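Colleague: My structure is in upload_8.txt, and what it holds is compact mmCIF, N, CA and C atoms:
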# COMPACT_ATOMS: atom_id res chain seq x y z
N MET A 1 80.23 72.38 103.65
CA MET A 1 81.58 72.92 103.60
C MET A 1 82.03 73.29 105.02
N ALA A 2 83.24 72.94 105.35
CA ALA A 2 83.76 73.21 106.69
C ALA A 2 84.02 74.71 106.85
N GLN A 3 83.90 75.15 108.09
CA GLN A 3 84.15 76.56 108.38
C GLN A 3 85.65 76.84 108.30
N ARG A 4 86.01 77.99 107.77
CA ARG A 4 87.42 78.34 107.64
C ARG A 4 87.99 78.63 109.03
N PRO A 5 89.21 78.17 109.28
CA PRO A 5 89.82 78.43 110.59
C PRO A 5 90.19 79.91 110.73
N LYS A 6 90.16 80.39 111.97
CA LYS A 6 90.56 81.77 112.25
C LYS A 6 92.08 81.89 112.07
N PRO A 7 92.56 83.08 111.75
CA PRO A 7 94.01 83.27 111.58
C PRO A 7 94.83 82.76 112.77
N GLU A 8 94.31 82.97 113.99
CA GLU A 8 95.04 82.52 115.17
C GLU A 8 95.16 80.99 115.19
N GLU A 9 94.10 80.31 114.72
CA GLU A 9 94.13 78.85 114.65
C GLU A 9 95.13 78.38 113.59
N ILE A 10 95.21 79.11 112.50
CA ILE A 10 96.16 78.76 111.43
C ILE A 10 97.59 78.86 111.96
N VAL A 11 97.89 79.95 112.66
CA VAL A 11 99.24 80.13 113.21
C VAL A 11 99.55 78.99 114.18
N SER A 12 98.57 78.61 114.97
CA SER A 12 98.76 77.51 115.92
C SER A 12 99.08 76.20 115.19
N LYS A 13 98.35 75.93 114.10
CA LYS A 13 98.59 74.71 113.33
C LYS A 13 99.97 74.74 112.66
N LEU A 14 100.37 75.91 112.18
CA LEU A 14 101.71 76.02 111.58
C LEU A 14 102.78 75.72 112.63
N ARG A 15 102.56 76.20 113.84
CA ARG A 15 103.52 75.93 114.94
C ARG A 15 103.54 74.43 115.27
N GLN A 16 102.36 73.80 115.23
CA GLN A 16 102.31 72.35 115.51
C GLN A 16 103.18 71.59 114.51
N VAL A 17 103.11 71.98 113.23
CA VAL A 17 103.93 71.32 112.22
C VAL A 17 105.41 71.54 112.54
N ASP A 18 105.78 72.77 112.91
CA ASP A 18 107.18 73.05 113.25
C ASP A 18 107.66 72.16 114.39
N VAL A 19 106.81 71.98 115.41
CA VAL A 19 107.18 71.15 116.57
C VAL A 19 107.34 69.69 116.13
N LEU A 20 106.38 69.19 115.36
CA LEU A 20 106.44 67.80 114.91
C LEU A 20 107.68 67.54 114.06
N VAL A 21 108.01 68.49 113.18
CA VAL A 21 109.19 68.34 112.33
C VAL A 21 110.46 68.37 113.20
N SER A 22 110.48 69.24 114.20
CA SER A 22 111.65 69.31 115.08
C SER A 22 111.81 68.04 115.91
N GLN A 23 110.71 67.30 116.08
CA GLN A 23 110.77 66.02 116.81
C GLN A 23 111.13 64.86 115.88
N GLY A 24 111.40 65.16 114.62
CA GLY A 24 111.87 64.13 113.70
C GLY A 24 110.84 63.61 112.72
N GLN A 25 109.61 64.10 112.79
CA GLN A 25 108.60 63.66 111.82
C GLN A 25 108.85 64.34 110.48
N SER A 26 108.44 63.68 109.41
CA SER A 26 108.58 64.32 108.09
C SER A 26 107.56 65.45 107.97
N VAL A 27 107.84 66.37 107.07
CA VAL A 27 106.92 67.50 106.85
C VAL A 27 105.57 66.97 106.39
N ALA A 28 105.57 66.01 105.46
CA ALA A 28 104.31 65.48 104.93
C ALA A 28 103.49 64.83 106.05
N ALA A 29 104.13 64.06 106.91
CA ALA A 29 103.41 63.41 108.02
C ALA A 29 102.89 64.46 109.00
N SER A 30 103.67 65.50 109.24
CA SER A 30 103.26 66.57 110.16
C SER A 30 102.06 67.32 109.61
N ILE A 31 102.04 67.55 108.31
CA ILE A 31 100.92 68.24 107.68
C ILE A 31 99.66 67.39 107.80
N ARG A 32 99.80 66.08 107.56
CA ARG A 32 98.65 65.18 107.71
C ARG A 32 98.15 65.19 109.16
N ALA A 33 99.06 65.31 110.11
CA ALA A 33 98.69 65.29 111.53
C ALA A 33 97.80 66.48 111.92
N ILE A 34 97.98 67.63 111.25
CA ILE A 34 97.13 68.78 111.57
C ILE A 34 95.85 68.79 110.74
N GLY A 35 95.72 67.83 109.82
CA GLY A 35 94.46 67.64 109.10
C GLY A 35 94.21 68.59 107.95
N VAL A 36 95.27 69.01 107.25
CA VAL A 36 95.08 69.85 106.06
C VAL A 36 95.89 69.26 104.91
N THR A 37 95.61 69.74 103.71
CA THR A 37 96.38 69.29 102.55
C THR A 37 97.70 70.05 102.48
N GLU A 38 98.64 69.50 101.71
CA GLU A 38 99.93 70.18 101.55
C GLU A 38 99.73 71.54 100.89
N VAL A 39 98.81 71.62 99.94
CA VAL A 39 98.55 72.90 99.26
C VAL A 39 98.10 73.94 100.28
N THR A 40 97.17 73.56 101.15
CA THR A 40 96.68 74.47 102.18
C THR A 40 97.81 74.87 103.12
N TYR A 41 98.61 73.89 103.54
CA TYR A 41 99.72 74.18 104.45
C TYR A 41 100.67 75.21 103.85
N TYR A 42 101.08 75.00 102.61
CA TYR A 42 102.05 75.92 102.00
C TYR A 42 101.43 77.29 101.72
N ARG A 43 100.12 77.33 101.44
CA ARG A 43 99.44 78.62 101.26
C ARG A 43 99.43 79.37 102.59
N TRP A 44 99.09 78.64 103.67
CA TRP A 44 99.10 79.25 105.00
C TRP A 44 100.50 79.71 105.37
N ARG A 45 101.49 78.85 105.06
CA ARG A 45 102.87 79.18 105.40
C ARG A 45 103.30 80.48 104.70
N LYS A 46 102.88 80.62 103.45
CA LYS A 46 103.23 81.82 102.68
C LYS A 46 102.57 83.05 103.29
N GLU A 47 101.31 82.92 103.70
CA GLU A 47 100.56 84.08 104.20
C GLU A 47 100.87 84.41 105.65
N TYR A 48 101.03 83.37 106.49
CA TYR A 48 101.15 83.60 107.93
C TYR A 48 102.49 83.19 108.51
N GLY A 49 103.40 82.71 107.67
CA GLY A 49 104.64 82.10 108.10
C GLY A 49 105.31 82.60 109.36
N GLY A 50 105.79 83.83 109.38
CA GLY A 50 106.58 84.29 110.51
C GLY A 50 105.82 85.12 111.52
N LEU A 51 104.50 85.07 111.48
CA LEU A 51 103.72 85.96 112.33
C LEU A 51 103.30 85.29 113.64
N LYS A 52 103.15 86.11 114.66
CA LYS A 52 102.57 85.66 115.92
C LYS A 52 101.07 85.96 115.86
N SER A 53 100.31 85.34 116.78
CA SER A 53 98.85 85.48 116.75
C SER A 53 98.38 86.93 116.79
N ASP A 54 98.99 87.75 117.65
CA ASP A 54 98.55 89.15 117.74
C ASP A 54 98.87 89.91 116.46
N GLN A 55 99.97 89.55 115.80
CA GLN A 55 100.32 90.20 114.54
C GLN A 55 99.33 89.81 113.44
N VAL A 56 98.89 88.56 113.45
CA VAL A 56 97.92 88.09 112.46
C VAL A 56 96.61 88.85 112.63
N LYS A 57 96.16 88.99 113.88
CA LYS A 57 94.91 89.72 114.14
C LYS A 57 95.04 91.16 113.67
N ARG A 58 96.16 91.80 113.95
CA ARG A 58 96.39 93.18 113.53
C ARG A 58 96.40 93.27 111.99
N MET A 59 97.06 92.30 111.34
CA MET A 59 97.11 92.29 109.87
C MET A 59 95.70 92.18 109.28
N LYS A 60 94.89 91.29 109.83
CA LYS A 60 93.53 91.11 109.32
C LYS A 60 92.69 92.36 109.57
N ASP A 61 92.88 93.01 110.74
CA ASP A 61 92.17 94.26 111.03
C ASP A 61 92.55 95.33 110.01
N LEU A 62 93.84 95.42 109.70
CA LEU A 62 94.29 96.42 108.72
C LEU A 62 93.76 96.12 107.32
N GLU A 63 93.71 94.83 106.96
CA GLU A 63 93.15 94.47 105.65
C GLU A 63 91.68 94.86 105.56
N THR A 64 90.94 94.64 106.65
CA THR A 64 89.52 95.01 106.68
C THR A 64 89.36 96.52 106.55
N GLU A 65 90.17 97.26 107.30
CA GLU A 65 90.12 98.73 107.23
C GLU A 65 90.49 99.22 105.83
N ASN A 66 91.50 98.62 105.24
CA ASN A 66 91.93 98.99 103.89
C ASN A 66 90.79 98.77 102.89
N GLN A 67 90.10 97.65 103.03
CA GLN A 67 88.97 97.33 102.15
C GLN A 67 87.86 98.39 102.31
N ARG A 68 87.57 98.76 103.56
CA ARG A 68 86.54 99.76 103.83
C ARG A 68 86.92 101.11 103.22
N LEU A 69 88.19 101.49 103.36
CA LEU A 69 88.65 102.77 102.81
C LEU A 69 88.62 102.77 101.28
N ARG A 70 88.98 101.65 100.66
CA ARG A 70 88.92 101.57 99.19
C ARG A 70 87.49 101.75 98.70
N LYS A 71 86.54 101.16 99.41
CA LYS A 71 85.13 101.30 99.02
C LYS A 71 84.69 102.75 99.18
N ALA A 72 85.11 103.40 100.27
CA ALA A 72 84.76 104.80 100.49
C ALA A 72 85.32 105.69 99.38
N ILE A 73 86.55 105.43 98.98
CA ILE A 73 87.17 106.21 97.89
C ILE A 73 86.40 105.99 96.59
N ALA A 74 86.04 104.74 96.31
CA ALA A 74 85.29 104.44 95.08
C ALA A 74 83.95 105.18 95.09
N ASP A 75 83.26 105.17 96.24
CA ASP A 75 81.97 105.86 96.34
C ASP A 75 82.13 107.36 96.14
N LEU A 76 83.17 107.94 96.76
CA LEU A 76 83.39 109.39 96.63
C LEU A 76 83.78 109.76 95.21
N THR A 77 84.57 108.92 94.56
CA THR A 77 84.96 109.17 93.17
C THR A 77 83.73 109.16 92.27
N LEU A 78 82.84 108.20 92.49
CA LEU A 78 81.61 108.13 91.72
C LEU A 78 80.75 109.37 91.95
N ASP A 79 80.62 109.79 93.22
CA ASP A 79 79.85 111.00 93.54
C ASP A 79 80.43 112.21 92.81
N LYS A 80 81.76 112.32 92.79
CA LYS A 80 82.43 113.44 92.13
C LYS A 80 82.13 113.44 90.63
N LEU A 81 82.21 112.27 90.01
CA LEU A 81 81.93 112.19 88.57
C LEU A 81 80.48 112.56 88.26
N ILE A 82 79.57 112.12 89.11
CA ILE A 82 78.15 112.46 88.91
C ILE A 82 77.96 113.98 89.02
N LEU A 83 78.58 114.59 90.01
CA LEU A 83 78.46 116.04 90.18
C LEU A 83 79.08 116.80 89.02
N GLN A 84 80.21 116.30 88.51
CA GLN A 84 80.84 116.95 87.35
C GLN A 84 79.91 116.88 86.13
N GLU A 85 79.30 115.74 85.92
CA GLU A 85 78.37 115.58 84.80
C GLU A 85 77.17 116.53 84.96
N ALA A 86 76.65 116.59 86.19
CA ALA A 86 75.50 117.45 86.44
C ALA A 86 75.84 118.92 86.21
N SER A 87 77.03 119.33 86.64
CA SER A 87 77.41 120.73 86.47
C SER A 87 77.64 121.08 85.00
N ARG A 88 78.09 120.14 84.19
CA ARG A 88 78.29 120.41 82.77
C ARG A 88 76.94 120.68 82.09
N GLY A 89 75.92 120.00 82.54
CA GLY A 89 74.61 120.17 81.96
C GLY A 89 73.94 121.49 82.34
N ASN A 90 74.37 122.12 83.42
CA ASN A 90 73.75 123.35 83.91
C ASN A 90 74.33 124.60 83.29
N PHE A 91 75.46 124.47 82.60
CA PHE A 91 76.08 125.70 82.06
C PHE A 91 75.95 125.82 80.58
Output the file's structure in the form of structure tokens.
Modeller:
Amino acid sequence: MAQRPKPEEIVSKLRQVDVLVSQGQSVAASIRAIGVTEVTYYRWRKEYGGLKSDQVKRMKDLETENQRLRKAIADLTLDKLILQEASRGNF
């Protein structure tokens, strides 16, 4: 399986398609030129469409941080429930 491209590479490929289309190539031919399927192109376009490379990196950093915080909340919630159960048994 091929390695997934980095967000910065995806933004670069989306820009390549924009340039090729502006030079008169069809969208389908431009997508083939960057070596991805139309499904992949439109998924990338939906996710990264109007972003610059630094914005993509910041977005991915925030998503990673959000994931880490969600896990921390889940762990703390579980700890709280365990402590509540333990305290009910002691009284």
Colleague: What is the distance, in Å and to one decimal place, between atom C of Ser22 (chain A) and CA of Glu47 (chain A)?
Modeller: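 Between these atoms lies a distance of 22.8 Å.
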Colleague: Tell me, as a CSV table (one decimal) with N, CA and C atoms, in the coordinates of the input, which residues lie within 8 Å of region 7-20 of chain A, counting only N, CA and C atoms; anything in the same chain fewer than 6 positions away does not count.
Modeller:
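New file around_13.csv:
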chain,number,residue,atom,x,y,z
A,26,SER,N,108.4,63.7,109.4
A,26,SER,CA,108.6,64.3,108.1
A,26,SER,C,107.6,65.4,108.0
A,27,VAL,N,107.8,66.4,107.1
A,27,VAL,CA,106.9,67.5,106.8
A,27,VAL,C,105.6,67.0,106.4
A,29,ALA,N,104.1,64.1,106.9
A,29,ALA,CA,103.4,63.4,108.0
A,29,ALA,C,102.9,64.5,109.0
A,30,SER,N,103.7,65.5,109.2
A,30,SER,CA,103.3,66.6,110.2
A,30,SER,C,102.1,67.3,109.6
A,31,ILE,N,102.0,67.6,108.3
A,31,ILE,CA,100.9,68.2,107.7
A,31,ILE,C,99.7,67.4,107.8
A,33,ALA,N,99.1,65.3,110.1
A,33,ALA,CA,98.7,65.3,111.5
A,33,ALA,C,97.8,66.5,111.9
A,34,ILE,N,98.0,67.6,111.2
A,34,ILE,CA,97.1,68.8,111.6
A,34,ILE,C,95.8,68.8,110.7
A,41,TYR,N,98.6,73.9,103.5
A,41,TYR,CA,99.7,74.2,104.4
A,41,TYR,C,100.7,75.2,103.8
A,44,TRP,N,99.1,78.6,103.7
A,44,TRP,CA,99.1,79.2,105.0
A,44,TRP,C,100.5,79.7,105.4
A,45,ARG,N,101.5,78.8,105.1
A,45,ARG,CA,102.9,79.2,105.4
A,45,ARG,C,103.3,80.5,104.7
A,48,TYR,N,101.0,83.4,106.5
A,48,TYR,CA,101.2,83.6,107.9
A,48,TYR,C,102.5,83.2,108.5
A,49,GLY,N,103.4,82.7,107.7
A,49,GLY,CA,104.6,82.1,108.1
A,49,GLY,C,105.3,82.6,109.4
A,51,LEU,N,104.5,85.1,111.5
A,51,LEU,CA,103.7,86.0,112.3
A,51,LEU,C,103.3,85.3,113.6
A,52,LYS,N,103.2,86.1,114.7
A,52,LYS,CA,102.6,85.7,115.9
A,52,LYS,C,101.1,86.0,115.9
A,53,SER,N,100.3,85.3,116.8
A,53,SER,CA,98.8,85.5,116.8
A,53,SER,C,98.4,86.9,116.8
A,54,ASP,N,99.0,87.8,117.6
A,54,ASP,CA,98.6,89.2,117.7
A,54,ASP,C,98.9,89.9,116.5
A,56,VAL,N,98.9,88.6,113.4
A,56,VAL,CA,97.9,88.1,112.5
A,56,VAL,C,96.6,88.8,112.6
A,57,LYS,N,96.2,89.0,113.9
A,57,LYS,CA,94.9,89.7,114.1
A,57,LYS,C,95.0,91.2,113.7
Colleague: Just how far from CA of Gly35 (chain A) is CA of Pro5 (chain A), in Å to one decimal?
Modeller: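 Calculated distance between CA of Pro5 (chain A) and CA of Gly35 (chain A) is 11.8 Å.
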Colleague: Which distance in Å separates atom C of Met59 (chain A) and atom N of Lys6 (chain A), to one decimal?
Modeller: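 Spanning atom C of Met59 (chain A) to atom N of Lys6 (chain A) is a straight-line distance of 13.3 Å.
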Colleague: Can you work out which one of A:Gln67, A:Leu76, A:Tyr42, A:Leu83 has the shortest atom-to-atom distance to Ala28 (chain A), counting only C-alpha atoms?
Modeller: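 Nearest candidate to Ala28 (chain A) out of A:Gln67, A:Leu76, A:Tyr42, A:Leu83: A:Tyr42.
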Colleague: Just list as an MDAnalysis selection string whatever in chain A DSSP marks as alpha helix (DSSP H).
Modeller: chainID A and resid 7:22 27:34 38:48 53:90
